[in-house]
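Structure file target22.txt (compact mmCIF, C-alpha atoms) follows.
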# COMPACT_ATOMS: atom_id res chain seq x y z
CA MET Q 1 -6.19 -17.03 9.19
CA GLU Q 2 -6.18 -19.33 6.16
CA GLN Q 3 -5.18 -16.39 3.97
CA LEU Q 4 -2.35 -15.45 6.32
CA LEU Q 5 -0.98 -18.99 6.31
CA ALA Q 6 -1.18 -19.08 2.52
CA PHE Q 7 0.64 -15.77 2.33
CA GLU Q 8 3.31 -17.11 4.66
CA ARG Q 9 3.94 -20.01 2.32
CA GLY Q 10 4.27 -17.56 -0.57
CA LEU Q 11 6.54 -15.34 1.52
CA ASN Q 12 8.91 -18.22 2.13
CA GLY Q 13 9.13 -18.84 -1.62
CA TYR Q 14 11.54 -17.20 -4.00
CA VAL Q 15 9.40 -14.25 -5.09
CA TRP Q 16 8.77 -12.86 -1.62
CA GLY Q 17 11.92 -14.39 -0.15
CA GLY Q 18 15.41 -13.06 0.44
CA PRO Q 19 16.40 -12.09 -3.13
CA MET Q 20 13.32 -9.92 -3.69
CA ILE Q 21 13.64 -8.27 -0.29
CA VAL Q 22 17.31 -7.46 -0.97
CA LEU Q 23 16.42 -6.06 -4.41
CA LEU Q 24 13.65 -3.79 -3.07
CA ILE Q 25 15.60 -2.58 -0.03
CA GLY Q 26 18.76 -2.11 -2.06
CA THR Q 27 16.89 0.02 -4.57
CA GLY Q 28 15.39 2.12 -1.78
CA LEU Q 29 18.82 2.65 -0.22
CA LEU Q 30 20.41 3.60 -3.56
CA LEU Q 31 17.63 6.07 -4.34
CA THR Q 32 17.86 7.54 -0.85
CA ILE Q 33 21.57 8.24 -1.33
CA LEU Q 34 21.29 9.61 -4.89
CA THR Q 35 18.35 11.90 -4.13
CA GLY Q 36 20.06 13.30 -1.06
CA ILE Q 37 17.70 11.60 1.44
CA VAL Q 38 14.77 13.45 -0.10
CA GLN Q 39 12.28 11.74 2.24
CA PHE Q 40 13.94 13.43 5.24
CA ARG Q 41 14.95 16.76 3.73
CA TYR Q 42 11.54 17.45 2.24
CA LEU Q 43 9.19 15.57 4.58
CA GLY Q 44 7.91 18.87 5.97
CA PHE Q 45 7.39 20.16 2.43
CA ALA Q 46 5.51 16.98 1.52
CA LEU Q 47 3.23 17.22 4.57
CA ARG Q 48 2.47 20.89 3.85
CA GLU Q 49 1.89 20.11 0.18
CA VAL Q 50 -0.63 17.37 0.92
CA LEU Q 51 -2.38 18.58 4.07
CA GLY Q 52 -2.44 22.19 2.93
CA LYS Q 53 -4.15 21.34 -0.34
CA VAL Q 54 -6.70 18.72 0.68
CA PHE Q 55 -9.56 20.74 -0.77
CA SER Q 56 -7.64 22.33 -3.63
CA GLY Q 57 -7.54 21.32 -7.26
CA GLY Q 58 -4.28 20.73 -9.06
CA GLN Q 59 -2.65 22.59 -11.90
CA GLY Q 60 -1.94 21.00 -15.24
CA ARG Q 61 -3.39 18.08 -17.13
CA GLY Q 62 -4.97 15.20 -15.28
CA SER Q 63 -8.21 13.46 -14.35
CA VAL Q 64 -8.23 13.83 -10.52
CA THR Q 65 -6.86 16.26 -7.95
CA PRO Q 66 -3.50 15.45 -6.36
CA PHE Q 67 -5.20 14.59 -3.06
CA GLN Q 68 -7.73 12.33 -4.76
CA ALA Q 69 -4.80 10.50 -6.37
CA VAL Q 70 -3.02 9.92 -3.06
CA ALA Q 71 -6.31 8.94 -1.42
CA THR Q 72 -6.89 6.31 -4.10
CA ALA Q 73 -3.32 5.04 -3.72
CA LEU Q 74 -3.77 4.85 0.06
CA ALA Q 75 -7.08 3.07 -0.45
CA SER Q 76 -5.10 0.37 -2.26
CA THR Q 77 -2.10 0.12 0.08
CA VAL Q 78 -3.83 0.47 3.45
CA GLY Q 79 -5.29 -2.99 3.79
CA VAL Q 80 -5.44 -6.12 5.89
CA GLY Q 81 -1.62 -6.11 5.96
CA ASN Q 82 -1.70 -3.05 8.23
CA ILE Q 83 -3.71 -5.02 10.81
CA ALA Q 84 -2.96 -8.71 10.34
CA GLY Q 85 0.40 -8.37 8.57
CA VAL Q 86 2.03 -6.30 11.31
CA ALA Q 87 0.74 -8.73 13.94
CA THR Q 88 2.18 -11.68 12.02
CA ALA Q 89 5.56 -9.91 11.74
CA ILE Q 90 5.67 -9.55 15.53
CA PHE Q 91 4.42 -13.11 16.05
CA LEU Q 92 7.22 -14.50 13.86
CA GLY Q 93 10.00 -11.96 14.39
CA GLY Q 94 9.26 -10.58 17.85
CA PRO Q 95 8.98 -6.89 18.82
CA GLY Q 96 12.21 -6.16 16.91
CA ALA Q 97 10.34 -6.74 13.64
CA LEU Q 98 8.67 -3.37 14.15
CA PHE Q 99 12.04 -1.59 13.89
CA TRP Q 100 12.85 -3.24 10.58
CA LEU Q 101 9.34 -2.45 9.37
CA TRP Q 102 10.18 1.22 10.04
CA ILE Q 103 13.39 0.86 8.02
CA SER Q 104 11.45 -0.56 5.07
CA GLY Q 105 9.01 2.34 5.39
CA ILE Q 106 11.75 4.98 5.46
CA LEU Q 107 13.43 3.55 2.35
CA GLY Q 108 10.06 2.90 0.75
CA MET Q 109 9.19 6.59 1.03
CA CYS Q 110 12.02 7.38 -1.38
CA THR Q 111 11.22 4.47 -3.70
CA LYS Q 112 7.58 5.51 -3.96
CA TYR Q 113 8.63 9.12 -4.58
CA ALA Q 114 10.93 8.04 -7.42
CA GLU Q 115 8.33 5.74 -8.99
CA ILE Q 116 5.75 8.52 -9.09
CA VAL Q 117 8.07 11.22 -10.45
CA ILE Q 118 9.17 8.96 -13.30
CA ALA Q 119 5.61 7.79 -14.05
CA MET Q 120 4.39 11.40 -14.18
CA HIS Q 121 7.17 12.30 -16.60
CA TYR Q 122 6.24 9.58 -19.11
CA ARG Q 123 2.44 9.60 -18.71
CA GLU Q 124 0.15 10.09 -21.69
CA PRO Q 125 -3.61 10.29 -22.37
CA ASP Q 126 -5.42 7.22 -23.64
CA GLU Q 127 -8.02 7.30 -26.40
CA SER Q 128 -10.70 8.49 -23.96
CA GLY Q 129 -8.56 11.35 -22.65
CA THR Q 130 -7.75 9.75 -19.28
CA MET Q 131 -4.14 10.31 -18.27
CA ARG Q 132 -2.32 6.98 -17.92
CA GLY Q 133 1.13 6.22 -16.57
CA GLY Q 134 3.22 3.64 -14.78
CA ALA Q 135 6.14 1.32 -15.40
CA MET Q 136 4.67 0.08 -18.69
CA TYR Q 137 4.69 3.59 -20.17
CA THR Q 138 8.18 4.32 -18.82
CA LEU Q 139 9.50 1.08 -20.32
CA LYS Q 140 7.88 1.88 -23.67
CA LYS Q 141 8.55 5.62 -24.00
CA GLY Q 142 11.67 6.08 -21.90
CA LEU Q 143 13.60 2.86 -22.41
CA GLY Q 144 12.28 1.56 -25.73
CA LEU Q 145 11.17 -1.74 -24.16
CA PRO Q 146 7.44 -2.02 -25.01
CA TRP Q 147 7.55 -5.82 -24.64
CA LEU Q 148 8.71 -5.52 -21.03
CA GLY Q 149 6.04 -2.90 -20.46
CA ALA Q 150 3.50 -5.39 -21.78
CA ILE Q 151 4.74 -8.01 -19.31
CA PHE Q 152 4.32 -5.57 -16.42
CA ALA Q 153 0.84 -4.61 -17.64
CA LEU Q 154 -0.17 -8.26 -17.95
CA LEU Q 155 1.12 -9.08 -14.46
CA THR Q 156 -0.78 -6.09 -13.07
CA SER Q 157 -4.08 -6.83 -14.78
CA ILE Q 158 -4.04 -10.48 -13.64
CA ALA Q 159 -2.58 -9.98 -10.14
CA ALA Q 160 -5.24 -7.36 -9.44
CA PHE Q 161 -7.98 -10.01 -9.55
CA GLY Q 162 -6.27 -11.88 -6.74
CA ILE Q 163 -4.51 -9.50 -4.36
CA GLY Q 164 -6.82 -6.54 -4.97
CA ASN Q 165 -10.12 -8.31 -5.58
CA MET Q 166 -10.88 -11.89 -4.52
CA VAL Q 167 -8.62 -11.85 -1.45
CA GLN Q 168 -10.19 -8.61 -0.20
CA ALA Q 169 -13.75 -9.75 -0.87
CA ASN Q 170 -13.04 -13.00 0.93
CA SER Q 171 -11.64 -11.12 3.95
CA VAL Q 172 -14.80 -9.01 4.17
CA ALA Q 173 -17.07 -12.06 3.81
CA GLU Q 174 -15.20 -14.03 6.48
CA SER Q 175 -15.19 -11.09 8.89
CA LEU Q 176 -18.91 -10.40 8.52
CA ASN Q 177 -19.74 -14.09 8.82
CA ALA Q 178 -17.65 -14.48 11.98
CA SER Q 179 -18.88 -11.27 13.64
CA PHE Q 180 -22.52 -11.08 12.55
CA GLY Q 181 -23.36 -14.43 10.96
CA ILE Q 182 -23.94 -12.85 7.53
CA ARG Q 183 -23.79 -15.41 4.74
CA PRO Q 184 -20.92 -14.94 2.25
CA MET Q 185 -23.39 -14.96 -0.67
CA LEU Q 186 -25.17 -11.90 0.72
CA THR Q 187 -21.86 -10.18 1.39
CA GLY Q 188 -20.78 -10.91 -2.19
CA ILE Q 189 -23.95 -9.36 -3.64
CA LEU Q 190 -23.65 -6.29 -1.41
CA LEU Q 191 -19.98 -5.80 -2.31
CA VAL Q 192 -20.74 -6.06 -6.02
CA VAL Q 193 -23.43 -3.38 -5.76
CA VAL Q 194 -21.49 -0.86 -3.65
CA THR Q 195 -18.34 -1.36 -5.72
CA ALA Q 196 -20.18 -0.99 -9.03
CA VAL Q 197 -21.57 2.38 -7.96
CA VAL Q 198 -18.01 3.64 -7.58
CA ILE Q 199 -15.82 1.98 -10.22
CA LEU Q 200 -18.23 2.18 -13.15
CA GLY Q 201 -17.85 5.94 -12.95
CA GLY Q 202 -14.14 5.68 -13.75
CA ILE Q 203 -11.17 7.32 -12.07
CA LYS Q 204 -12.98 10.61 -11.36
CA ARG Q 205 -15.67 8.91 -9.27
CA ILE Q 206 -13.08 6.63 -7.65
CA GLY Q 207 -11.02 9.68 -6.67
CA GLU Q 208 -14.05 11.53 -5.28
CA PHE Q 209 -15.09 8.50 -3.23
CA THR Q 210 -11.69 7.58 -1.82
CA SER Q 211 -10.96 11.18 -0.82
CA VAL Q 212 -13.86 10.81 1.65
CA LEU Q 213 -13.45 7.13 2.59
CA VAL Q 214 -9.71 7.11 3.29
CA PRO Q 215 -9.63 9.97 5.84
CA PHE Q 216 -12.65 8.43 7.61
CA MET Q 217 -11.21 4.91 7.88
CA ALA Q 218 -7.78 6.21 8.89
CA ALA Q 219 -9.34 8.40 11.59
CA LEU Q 220 -11.35 5.46 12.96
CA TYR Q 221 -8.36 3.14 13.22
CA LEU Q 222 -5.77 5.69 14.31
CA GLY Q 223 -8.21 7.19 16.82
CA GLY Q 224 -8.77 3.80 18.46
CA GLY Q 225 -5.03 3.19 18.55
CA PHE Q 226 -4.23 6.58 20.06
CA VAL Q 227 -6.75 5.96 22.84
CA VAL Q 228 -5.02 2.68 23.71
CA LEU Q 229 -1.60 4.35 23.75
CA VAL Q 230 -2.76 7.30 25.84
CA THR Q 231 -4.25 4.95 28.43
CA HIS Q 232 -1.01 2.92 28.44
CA LEU Q 233 1.50 5.79 28.44
CA ASP Q 234 3.64 4.10 31.08
CA ARG Q 235 4.04 1.07 28.78
CA ILE Q 236 5.27 2.93 25.68
CA GLY Q 237 8.85 3.30 26.94
CA PRO Q 238 9.26 -0.40 27.79
CA ALA Q 239 7.59 -1.31 24.48
CA LEU Q 240 10.11 0.76 22.53
CA SER Q 241 12.92 -0.88 24.50
CA LEU Q 242 11.59 -4.27 23.39
CA VAL Q 243 11.58 -3.05 19.78
CA PHE Q 244 15.18 -1.82 19.75
CA ASP Q 245 16.57 -4.68 21.83
CA GLY Q 246 14.78 -7.26 19.67
CA ALA Q 247 15.98 -5.62 16.45
CA PHE Q 248 19.64 -6.11 17.32
CA SER Q 249 19.76 -8.99 19.79
CA GLY Q 250 16.66 -11.07 19.12
CA THR Q 251 13.87 -11.90 21.56
CA ALA Q 252 13.83 -14.78 24.04
CA ALA Q 253 10.87 -17.13 24.33
CA THR Q 254 8.22 -15.97 26.77
CA GLY Q 255 4.60 -16.95 27.38
CA GLY Q 256 3.10 -18.06 24.07
CA PHE Q 257 5.96 -16.49 22.07
CA ALA Q 258 8.44 -19.05 20.76
CA GLY Q 259 11.41 -16.69 20.55
CA SER Q 260 13.08 -15.03 17.56
CA THR Q 261 16.51 -14.24 16.15
CA VAL Q 262 17.72 -10.95 14.71
CA MET Q 263 17.48 -12.39 11.19
CA LEU Q 264 13.84 -13.38 11.67
CA ALA Q 265 13.01 -9.94 13.04
CA LEU Q 266 14.75 -8.30 10.09
CA ARG Q 267 13.24 -10.54 7.45
CA PHE Q 268 9.63 -10.47 8.58
CA GLY Q 269 9.68 -6.81 9.58
CA ILE Q 270 11.01 -5.68 6.22
CA ALA Q 271 8.84 -8.11 4.24
CA ARG Q 272 5.66 -7.02 6.00
CA GLY Q 273 6.56 -3.36 5.52
CA LEU Q 274 7.14 -3.84 1.80
CA PHE Q 275 3.96 -5.86 1.42
CA SER Q 276 2.00 -3.14 3.19
CA ASN Q 277 3.25 -0.01 1.41
CA GLU Q 278 3.93 -1.68 -1.99
CA ALA Q 279 6.94 0.59 -2.57
CA GLY Q 280 8.84 -0.79 -5.55
CA LEU Q 281 5.97 -2.84 -6.96
CA GLY Q 282 4.83 -0.08 -9.33
CA SER Q 283 1.16 -0.02 -8.32
CA ALA Q 284 0.58 3.47 -6.88
CA PRO Q 285 2.29 5.40 -9.73
CA MET Q 286 -0.53 4.29 -12.02
CA VAL Q 287 -3.12 6.34 -10.15
CA HIS Q 288 -0.76 9.21 -9.31
CA ALA Q 289 -0.17 9.57 -13.06
CA ALA Q 290 -3.81 10.66 -13.39
CA ALA Q 291 -3.33 13.62 -11.03
CA GLN Q 292 -3.56 17.26 -12.07
CA THR Q 293 -0.14 18.72 -11.33
CA ASP Q 294 2.32 21.21 -12.76
CA HIS Q 295 5.44 19.12 -12.12
CA PRO Q 296 6.24 15.43 -11.57
CA VAL Q 297 8.23 16.11 -8.39
CA ARG Q 298 5.31 17.91 -6.77
CA GLN Q 299 3.20 14.76 -7.12
CA GLY Q 300 6.19 12.72 -5.94
CA MET Q 301 5.82 14.48 -2.58
CA TYR Q 302 2.46 12.77 -2.27
CA GLY Q 303 4.25 9.42 -2.55
CA ILE Q 304 6.41 10.30 0.48
CA PHE Q 305 3.23 11.19 2.37
CA GLU Q 306 1.54 7.96 1.26
CA VAL Q 307 4.18 5.65 2.71
CA PHE Q 308 4.49 7.82 5.82
CA VAL Q 309 0.79 7.34 6.58
CA ASP Q 310 0.66 3.65 5.63
CA THR Q 311 3.81 2.37 7.34
CA ILE Q 312 5.08 4.96 9.80
CA LEU Q 313 1.64 5.85 11.19
CA ILE Q 314 -0.85 3.01 10.72
CA CYS Q 315 1.51 0.04 10.95
CA THR Q 316 3.25 1.61 13.94
CA ILE Q 317 -0.06 2.10 15.75
CA THR Q 318 -0.89 -1.58 15.24
CA GLY Q 319 2.51 -2.71 16.47
CA LEU Q 320 2.61 -0.48 19.55
CA VAL Q 321 -0.95 -1.41 20.58
CA ILE Q 322 0.08 -5.08 20.46
CA LEU Q 323 3.19 -4.38 22.55
CA VAL Q 324 1.79 -2.02 25.21
CA THR Q 325 -1.12 -4.38 25.93
CA ASP Q 326 1.33 -7.30 26.41
CA THR Q 327 -0.68 -9.45 24.01
CA TRP Q 328 2.29 -10.05 21.70
CA ALA Q 329 3.35 -13.05 23.81
CA SER Q 330 -0.16 -14.53 24.02
CA GLY Q 331 0.40 -17.03 21.21
CA ALA Q 332 -2.26 -15.43 19.00
CA ASN Q 333 -1.34 -14.55 15.41
CA GLY Q 334 -2.54 -12.32 12.57
CA ALA Q 335 -5.85 -10.50 12.83
CA ALA Q 336 -6.67 -12.47 15.99
CA LEU Q 337 -3.62 -10.95 17.73
CA SER Q 338 -4.54 -7.40 16.67
CA ALA Q 339 -8.13 -7.97 17.77
CA ARG Q 340 -7.01 -9.24 21.18
CA ALA Q 341 -4.73 -6.23 21.62
CA PHE Q 342 -7.45 -3.68 20.85
CA GLU Q 343 -10.01 -5.57 22.93
CA THR Q 344 -7.57 -5.51 25.86
CA GLY Q 345 -6.82 -1.82 25.45
CA LEU Q 346 -10.30 -0.45 24.79
CA PRO Q 347 -13.41 -0.74 26.99
CA GLY Q 348 -16.46 -2.79 26.10
CA THR Q 349 -16.83 -3.79 22.47
CA TRP Q 350 -14.84 -0.84 21.09
CA GLY Q 351 -11.78 -2.97 20.41
CA ASP Q 352 -13.75 -5.39 18.26
CA ILE Q 353 -15.41 -2.47 16.47
CA VAL Q 354 -12.07 -0.86 15.63
CA VAL Q 355 -10.46 -4.05 14.28
CA THR Q 356 -13.53 -5.41 12.48
CA GLY Q 357 -14.35 -1.97 11.10
CA GLY Q 358 -10.75 -1.54 10.01
CA ILE Q 359 -10.68 -4.88 8.20
CA LEU Q 360 -13.97 -4.14 6.43
CA LEU Q 361 -13.06 -0.61 5.37
CA PHE Q 362 -9.43 -1.38 4.50
CA SER Q 363 -10.46 -4.40 2.39
CA TYR Q 364 -13.24 -2.52 0.61
CA SER Q 365 -10.98 0.44 -0.15
CA THR Q 366 -8.42 -1.94 -1.65
CA LEU Q 367 -11.16 -3.37 -3.89
CA ILE Q 368 -11.77 0.12 -5.22
CA GLY Q 369 -8.17 1.21 -5.69
CA TRP Q 370 -6.83 -1.95 -7.27
CA SER Q 371 -9.63 -1.96 -9.83
CA TYR Q 372 -7.96 1.07 -11.40
CA TYR Q 373 -4.51 -0.53 -11.36
CA GLY Q 374 -5.79 -3.61 -13.17
CA GLU Q 375 -7.74 -1.43 -15.59
CA THR Q 376 -4.62 0.60 -16.40
CA GLY Q 377 -2.76 -2.62 -17.24
CA ILE Q 378 -5.47 -3.87 -19.58
CA VAL Q 379 -5.87 -0.46 -21.24
CA TYR Q 380 -2.14 -0.46 -22.02
CA LEU Q 381 -2.51 -3.88 -23.65
CA LEU Q 382 -5.85 -3.54 -25.43
CA GLY Q 383 -6.71 0.16 -25.51
CA ALA Q 384 -9.33 2.31 -23.75
CA ARG Q 385 -12.19 0.19 -25.14
CA ALA Q 386 -11.21 -2.57 -22.71
CA ALA Q 387 -11.78 -0.42 -19.59
CA VAL Q 388 -15.51 -0.96 -19.14
CA PRO Q 389 -15.44 -4.74 -19.82
CA TYR Q 390 -12.62 -5.03 -17.29
CA ARG Q 391 -14.69 -3.20 -14.67
CA LEU Q 392 -17.63 -5.54 -15.27
CA LEU Q 393 -15.37 -8.59 -14.97
CA TRP Q 394 -14.00 -7.08 -11.77
CA LEU Q 395 -17.49 -7.17 -10.26
CA VAL Q 396 -17.93 -10.84 -11.18
CA PHE Q 397 -14.69 -11.77 -9.43
CA ILE Q 398 -15.73 -9.89 -6.28
CA TYR Q 399 -18.66 -12.27 -5.90
CA LEU Q 400 -16.46 -15.30 -6.62
CA GLY Q 401 -13.96 -14.15 -4.01
CA ALA Q 402 -16.59 -13.58 -1.35
CA THR Q 403 -18.16 -17.01 -1.80
CA GLY Q 404 -15.15 -19.20 -2.64
CA SER Q 405 -12.08 -20.72 -1.01
CA LEU Q 406 -8.82 -18.99 -1.90
CA HIS Q 407 -5.98 -21.33 -0.91
CA VAL Q 408 -4.45 -21.34 -4.40
CA VAL Q 409 -5.49 -17.78 -5.26
CA TRP Q 410 -3.46 -16.34 -2.38
CA ASN Q 411 -0.23 -17.96 -3.53
CA ILE Q 412 -0.73 -17.09 -7.20
CA ALA Q 413 -1.72 -13.50 -6.38
CA ASP Q 414 1.27 -12.99 -4.08
CA THR Q 415 3.63 -14.39 -6.71
CA LEU Q 416 2.32 -12.21 -9.53
CA ASN Q 417 2.20 -9.17 -7.24
CA GLY Q 418 5.84 -9.72 -6.27
CA LEU Q 419 6.93 -10.28 -9.87
CA MET Q 420 5.60 -6.81 -10.76
CA ALA Q 421 8.63 -5.43 -8.94
CA VAL Q 422 11.15 -6.73 -11.50
CA PRO Q 423 10.11 -4.72 -14.60
CA ASN Q 424 9.13 -1.80 -12.38
CA LEU Q 425 12.54 -1.59 -10.72
CA ILE Q 426 14.23 -1.86 -14.11
CA SER Q 427 12.22 1.17 -15.24
CA VAL Q 428 13.09 3.10 -12.07
CA LEU Q 429 16.80 2.31 -11.97
CA ALA Q 430 17.28 3.03 -15.66
CA SER Q 431 15.48 6.37 -15.24
CA ILE Q 432 17.57 7.69 -12.33
CA PRO Q 433 19.24 10.42 -14.47
CA VAL Q 434 15.76 11.69 -15.46
CA LEU Q 435 14.64 11.59 -11.83
CA LEU Q 436 17.64 13.59 -10.59
CA ARG Q 437 17.24 16.18 -13.36
CA LEU Q 438 13.56 16.69 -12.57
CA GLN Q 439 14.27 16.95 -8.85
CA ARG Q 440 17.01 19.52 -9.40
CA GLU Q 441 14.80 21.60 -11.72
CA PHE Q 442 11.84 21.57 -9.35
CA PHE Q 443 13.63 22.62 -6.17
CA GLN Q 444 15.63 25.26 -8.03
CA SER Q 445 12.33 26.75 -9.22
CA GLN Q 446 11.00 26.69 -5.65
CA ARG Q 447 13.91 28.84 -4.47
CA ARG Q 448 13.38 31.53 -7.09
CA PRO Q 449 11.70 34.74 -5.84
Written as structure tokens, that's how I'd like the structure from this file.
Amino acid sequence: MEQLLAFERGLNGYVWGGPMIVLLIGTGLLLTILTGIVQFRYLGFALREVLGKVFSGGQGRGSVTPFQAVATALASTVGVGNIAGVATAIFLGGPGALFWLWISGILGMCTKYAEIVIAMHYREPDESGTMRGGAMYTLKKGLGLPWLGAIFALLTSIAAFGIGNMVQANSVAESLNASFGIRPMLTGILLVVVTAVVILGGIKRIGEFTSVLVPFMAALYLGGGFVVLVTHLDRIGPALSLVFDGAFSGTAATGGFAGSTVMLALRFGIARGLFSNEAGLGSAPMVHAAAQTDHPVRQGMYGIFEVFVDTILICTITGLVILVTDTWASGANGAALSARAFETGLPGTWGDIVVTGGILLFSYSTLIGWSYYGETGIVYLLGARAAVPYRLLWLVFIYLGATGSLHVVWNIADTLNGLMAVPNLISVLASIPVLLRLQREFFQSQRRP
């Protein structure tokens, strides 16, 4: 809960406040219009592309398969925000916040698609042969702004230690201590060991690991949520009515819920959606750029799938479980609200298992995925020789995060994470002509006999 309160203070600040939300949503809307609502027109194509090639390798240069790339990206984006963040959005904005979270997800699907296509186009191998890409390479190669690329890389490499490392380790340590009485020091040591086994092997081992972990953790959480919804089928209709009514007319105070306006529902729904799927922040394109693929747009389809799973599926399951169990007006907030909802909807201790297991797995997967983002930033700045030292430093900070207090770290990490959006969106918006050309070429080639 301390982390959630710290995040809320950061959210109310300038970086995660109104101007940044408007910038991210506006970019998503512009890209949706210019690409011809690609996330709707080609959603079926994207689902077939991803799900039909789970066990297939890619074509072209790259370090991991396309599915391993999207699994690693999902490992980074599917986190505590999908459980606690959605609950906080409903606590502050009412059921209507879930509608605006969907809107941010729909627009985010197109933003993530565009980011990945552009990053794939400008990617290049580093000195070790690993394919690298992201906003820093687009700014350097495509726009002739290497200094701005360096700023983005610096923000990424530093922010990763907070949002992707210490915060996640601390969440795991707190959860294990609260549920099983395990001391944070022991959790820190265990996390260091199990993370080292994965990240010291580089992007290939990370991709192999996340391609197994992500489907498992998603199945566990989504399975628990589906059971709750199936056993509360008669409550789904009224819950959806609450969502749509609250989105456009606000929600009156009831029980432990203090009431909410349309603006609060909109603000917190969109903000939580953006924080969850990271569309526009420039993180996921860094790992997608390492994928083996024959065309940038093909890998861009995986970005549409990524946001669909993160926001439209997982966040929606959390929100609906909270609403159909009528726990949204209980006065609980954050992870405590999600836990109460699942405990109410599932028999015995299954609710606690689903939420605690989700927090542990989601946090650990974020530790793995964000290590590569931070590494990509430092490699851009210092070269491939900096990769291994960065991984070792990453392990040190995991232990510090698990055993320390993170009041200040949360605010700093949120600020730096949000600031990544500025140079990233500059790279995306300035590269729109390239994006549209690549999209036109790809789908024309798909229509040829």
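Between CA of Gly52 in chain Q and CA of Met286 in chain Q the separation is 23.4 Å.
With distances taken from (-13.3, 4.3, -14.1) and restricted to only C-alpha atoms, the residues inside 10 Å are Thr130, Val198, Ile199, Leu200, Gly201, Gly202, Ile203, Lys204, Arg205, Ile206, Gly207, Ile368, Ser371, Tyr372, Glu375, Thr376, Ala387, Val388, Tyr390 and Arg391 of chain Q.
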Sorted by chain and rising residue number, which residues of range 205-292 of chain Q lie within 10 Å of range 151-159 of chain Q, and what are their closest atom pairs and distances in Å to one decimal, counting only C-alpha atoms, as a tab-separated table?
residue	atom	partner	partner_atom	distance
Q:Leu281	CA	Q:Thr156	CA	9.7
Q:Gly282	CA	Q:Phe152	CA	9.0
Q:Ser283	CA	Q:Thr156	CA	7.9
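Here CA of Ser363 in chain Q and CA of Cys110 in chain Q stand 25.7 Å from one another.
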Produce the centre coordinates and the three edge lengths, each in Å to one decimal, of the box along x, y and z that contains all listed atoms of range 108-118 of chain Q with 6 Å added on each side, as JSON.
{"center_x": 8.9, "center_y": 7.1, "center_z": -6.1, "size_x": 18.3, "size_y": 20.3, "size_z": 26.3}
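Between CA of Ile412 in chain Q and CA of Phe161 in chain Q the separation is 10.4 Å.
Using all atoms listed in the file for every distance, the candidate list Q:Leu360, Q:Leu346, Q:Ala430, Q:Val117 yields Q:Leu346 as the residue closest to Val227 in chain Q.
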If we count all atoms listed in the file and set the cut-off at 12 Å, which residues sit around Leu313 in chain Q, ignoring sequence neighbours fewer than 5 positions away in its own chain? Please answer as a compact mmCIF listing (two decimals) with C-alpha atoms, in the coordinates of the input.
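New file around.txt:
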# COMPACT_ATOMS: atom_id res chain seq x y z
CA VAL Q 78 -3.83 0.47 3.45
CA ASN Q 82 -1.70 -3.05 8.23
CA LEU Q 98 8.67 -3.37 14.15
CA LEU Q 101 9.34 -2.45 9.37
CA TRP Q 102 10.18 1.22 10.04
CA GLY Q 105 9.01 2.34 5.39
CA ILE Q 106 11.75 4.98 5.46
CA ALA Q 218 -7.78 6.21 8.89
CA ALA Q 219 -9.34 8.40 11.59
CA TYR Q 221 -8.36 3.14 13.22
CA LEU Q 222 -5.77 5.69 14.31
CA GLY Q 223 -8.21 7.19 16.82
CA GLY Q 225 -5.03 3.19 18.55
CA PHE Q 226 -4.23 6.58 20.06
CA GLY Q 273 6.56 -3.36 5.52
CA ASN Q 277 3.25 -0.01 1.41
CA PHE Q 305 3.23 11.19 2.37
CA GLU Q 306 1.54 7.96 1.26
CA VAL Q 307 4.18 5.65 2.71
CA PHE Q 308 4.49 7.82 5.82
CA THR Q 318 -0.89 -1.58 15.24
CA GLY Q 319 2.51 -2.71 16.47
CA LEU Q 320 2.61 -0.48 19.55
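Closest approach to Gln439 in chain Q among Q:Ile118, Q:Val70, Q:Leu186, Q:Ala421 is made by Q:Ile118 (distances from all atoms listed in the file).
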Which residues come within 12 Å of Ser445 in chain Q, counting all atoms listed in the file, excluding same-chain residues fewer than 3 positions away, as a list in words?
Asp294, His295, Val297, Arg298, Leu438, Gln439, Arg440, Glu441, Phe442, Arg448 and Pro449 of chain Q
Which polymer residues have any atom within 10 Å of an atom of Leu30 in chain Q, counting only C-alpha atoms, with same-chain residues fewer than 4 positions away left out, as a PyMOL selection string?
chain Q and resi 25-26+34-35+37+107+110-111+429
Set the distance at 6 Å and use all atoms listed in the file: which residues neighbour range 332-342 of chain Q once local chain neighbours fewer than 5 positions away are removed? I'd like the list as a list in words.
Ala84, Ala87, Thr88, Phe91, Ile322, Thr325, Thr327, Gly351 and Val355 of chain Q
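Once Ile426 in chain Q and its same-chain neighbours fewer than 5 positions away are set aside, Leu23, Leu24, Thr27, Glu115, Ile118, Ala135, Met136, Thr138, Leu139, Gly142, Leu143, Leu145, Leu148, Gly149, Phe152, Gly280, Leu281, Gly282, Leu419, Met420, Ala421, Ser431 and Ile432 of chain Q remain within 12 Å of it when counting only C-alpha atoms.
Among the candidates Q:Tyr137, Q:Tyr42, Q:Tyr302, Q:Phe99, the one nearest to Ala73 in chain Q when counting all atoms listed in the file is Q:Tyr302.
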With distances taken over all atoms listed in the file, the candidate from Q:Thr195, Q:Arg272, Q:Gly255, Q:Leu323 nearest Ile236 in chain Q is Q:Leu323
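Among the candidates Q:Met217, Q:Glu174, Q:Leu92, Q:Ala169, the residue lying nearest to Leu361 in chain Q is Q:Met217 (atoms considered: all atoms listed in the file).
Using all atoms listed in the file, the shortest contact distance between Gly345 in chain Q and any of Q:Val434, Q:Leu43, Q:Val230, Q:Val167 is found at Q:Val230.
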